[in-house]
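S.K.: So that we are looking at the same thing, I have put the structure below in structure tokens.
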Amino acid sequence: MRAEMLNTILRDLNSTSTEIEACAVISTDGLVIDSLLPASMDEDRVGAMSAAILSLGERTARELARGELEQVLVKGDQGYILMTHANDESVLTVVAKPNARLGLIFLDVKRAAEAIGKVL
């Protein structure tokens with residue numbers, strides 16, 4: 001039942017915008033809990049990289065006195081990767097196209113992360 005609820009949240013998030021290419025719920029230790037990733041993305045690699053970037057972001061925010069980490073945004077010439085905490089032990093990772101309207105994506109991701117936090 002929990003898996004179905006998570007998958008529904010991810011499907012809804014993916015369908016809110018054509019600019020979202022992939023999304024996944026990942027534990028803070030890098031294990032993929034659920035995902036909607038294209039075949040070209042390795043699920044284990046996405047999990048491991050998300051955990052590593054999240055850990056570095058948390059340490060950076062703490063060391064530079066920026067408070068609790070809320071999200072990490074990575075911008076490349078092929079698009080964006082956004083990571084947002086769903087709860088203390090999981091993160092929502094979203095991959096978006098380079099022309100993505102980030103304001104709308106941030107809002108949709110925040111709502112999805114809150115819903116995931118309630119399920120987990």
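Residue names in the structure tokens use chain letters A, B, ... in the order shown, residue numbers from 1 in each chain, and ligand numbers from 1 in the order shown.
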For the contact check between stretch 12-56 of chain A and stretch 104-118 of chain A, emit one row per residue of stretch 12-56 of chain A within 8 Å, containing the shortest atom pair and the distance in Å rounded to one decimal, counting only C-alpha atoms, chain then rising number order, as JSON lines.
M.R.:
{"residue": "A:Leu13", "atom": "CA", "partner": "A:Ala112", "partner_atom": "CA", "distance": 6.6}
{"residue": "A:Thr16", "atom": "CA", "partner": "A:Asp108", "partner_atom": "CA", "distance": 7.6}
{"residue": "A:Ser17", "atom": "CA", "partner": "A:Ile105", "partner_atom": "CA", "distance": 7.8}
{"residue": "A:Ile20", "atom": "CA", "partner": "A:Ile105", "partner_atom": "CA", "distance": 7.9}
S.K.: Would you mind listing what lies within 9 Å of A:Ile33 as a PyMOL selection string, with only C-alpha atoms counted and same-chain residues fewer than 2 positions away left out?
M.R.: chain A and resi 3+6+24-27+31+35+90
S.K.: Generate a file of the selected residues that holds N, CA and C atoms, formatted as an mmCIF file, in the first residue's frame.
M.R.:
data_model
loop_
_atom_site.group_PDB
_atom_site.id
_atom_site.type_symbol
_atom_site.label_atom_id
_atom_site.label_comp_id
_atom_site.auth_asym_id
_atom_site.auth_seq_id
_atom_site.Cartn_x
_atom_site.Cartn_y
_atom_site.Cartn_z
ATOM 1 N N ALA A 3 3.925 1.530 -1.037
ATOM 2 C CA ALA A 3 4.602 1.612 -2.333
ATOM 3 C C ALA A 3 3.674 2.191 -3.398
ATOM 4 N N LEU A 6 3.394 5.976 -2.802
ATOM 5 C CA LEU A 6 4.594 6.679 -3.254
ATOM 6 C C LEU A 6 4.624 6.769 -4.776
ATOM 7 N N ALA A 24 12.635 10.519 -8.035
ATOM 8 C CA ALA A 24 12.876 9.351 -7.194
ATOM 9 C C ALA A 24 12.816 9.748 -5.729
ATOM 10 N N VAL A 25 12.384 8.799 -4.897
ATOM 11 C CA VAL A 25 12.443 8.952 -3.442
ATOM 12 C C VAL A 25 13.614 8.094 -2.989
ATOM 13 N N ILE A 26 14.537 8.716 -2.268
ATOM 14 C CA ILE A 26 15.781 8.053 -1.904
ATOM 15 C C ILE A 26 16.023 8.225 -0.418
ATOM 16 N N SER A 27 16.471 7.156 0.236
ATOM 17 C CA SER A 27 16.818 7.258 1.648
ATOM 18 C C SER A 27 18.102 8.080 1.764
ATOM 19 N N LEU A 31 19.687 4.548 -0.718
ATOM 20 C CA LEU A 31 18.874 3.468 -1.253
ATOM 21 C C LEU A 31 17.615 4.034 -1.906
ATOM 22 N N SER A 35 10.945 5.060 -7.649
ATOM 23 C CA SER A 35 11.435 5.977 -8.677
ATOM 24 C C SER A 35 10.641 5.864 -9.962
ATOM 25 N N SER A 90 14.595 10.663 4.233
ATOM 26 C CA SER A 90 14.419 10.484 2.791
ATOM 27 C C SER A 90 14.442 11.825 2.064
#
S.K.: Please return as a list of chain:residue names: the residues of stretch 41-85 of chain A that backbone DSSP assigns to alpha helix (DSSP H).
M.R.: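 Selection result, alpha helix (DSSP H) within stretch 41-85 of chain A: A:Glu43, A:Asp44, A:Arg45, A:Val46, A:Gly47, A:Ala48, A:Met49, A:Ser50, A:Ala51, A:Ala52, A:Ile53, A:Leu54, A:Ser55, A:Leu56, A:Gly57, A:Glu58, A:Arg59, A:Thr60, A:Ala61, A:Arg62, A:Glu63.
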S.K.: Residues at most 10 Å from A:Asp29, counting only C-alpha atoms, excluding those fewer than 5 positions away in the same chain, as a count of residues only?
M.R.: 10
S.K.: Please determine, counting only C-alpha atoms, which residue among A:Ala96, A:Ala22, A:Leu73, A:Leu120 has the shortest atom-to-atom distance to A:Leu10.
M.R.: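 Closest to A:Leu10, using only C-alpha atoms: A:Ala22.
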S.K.: Quick check for you: according to DSSP on this backbone, which residues of chain A are classed as strand (DSSP E or B)? Reply as a PyMOL selection string.
M.R.: chain A and resi 20-27+32-36+71-76+79-87+90-96
S.K.: Report as a list in words all protein, DNA and RNA residues lying within 9 Å of A:Gly79, evaluated on only C-alpha atoms, omitting residues in the same chain fewer than 5 positions from it.
M.R.: Val74, Val95, Ala96, Lys97, Pro98, Asn99 and Ala100 of chain A
S.K.: How would the residues just picked look written out with N, CA and C atoms as a CSV table (one decimal), in the first residue's frame?
M.R.:
chain,number,residue,atom,x,y,z
A,74,VAL,N,21.3,21.6,-8.6
A,74,VAL,CA,22.4,21.5,-9.4
A,74,VAL,C,22.0,21.8,-10.8
A,95,VAL,N,14.7,15.4,-11.7
A,95,VAL,CA,15.6,15.8,-12.8
A,95,VAL,C,14.7,16.6,-13.8
A,96,ALA,N,15.1,17.8,-14.2
A,96,ALA,CA,14.3,18.7,-15.0
A,96,ALA,C,15.1,19.1,-16.3
A,97,LYS,N,14.3,19.5,-17.3
A,97,LYS,CA,14.9,19.9,-18.5
A,97,LYS,C,15.6,21.3,-18.4
A,98,PRO,N,16.5,21.7,-19.3
A,98,PRO,CA,17.2,23.0,-19.1
A,98,PRO,C,16.3,24.2,-19.2
A,99,ASN,N,15.1,24.1,-19.9
A,99,ASN,CA,14.2,25.2,-20.0
A,99,ASN,C,13.1,25.2,-19.0
A,100,ALA,N,13.3,24.4,-17.9
A,100,ALA,CA,12.3,24.3,-16.9
A,100,ALA,C,12.0,25.6,-16.2
S.K.: Between atom CA of A:Met49 and atom CA of A:Asp77, what is the distance in Å, rounded to a tenth?
M.R.: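 Spanning atom CA of A:Met49 to atom CA of A:Asp77 is a straight-line distance of 18.1 Å.
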S.K.: In Å, rounded to a single decimal, give me how far atom CA of A:Leu36 is from atom CA of A:Arg11.
M.R.: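 Rounded to one decimal, the two atoms are 7.4 Å apart.
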S.K.: With only C-alpha atoms as the basis for distance, which of A:Ala61, A:Glu68, A:Cys23, A:Gly103 is at the shortest distance from A:Thr8?
M.R.: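 Once distances to A:Thr8 are computed over only C-alpha atoms, the minimum belongs to A:Cys23.
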S.K.: What's the separation between atom CA of A:Thr18 and atom CA of A:Leu92, in Å to one decimal place?
M.R.: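 Answer for the atom CA of A:Thr18 to atom CA of A:Leu92 separation: 17.7 Å.
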S.K.: Which residue is closest to A:Leu37? Choose from A:Val94, A:Met83, A:Leu102, A:Val119 and count only C-alpha atoms.
M.R.: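 Among the listed residues, A:Val94 lies closest to A:Leu37.
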S.K.: With only C-alpha atoms as the basis for distance, which of A:Tyr80, A:Ala86, A:Glu43, A:Thr28 is at the shortest distance from A:Leu56?
M.R.: A:Thr28
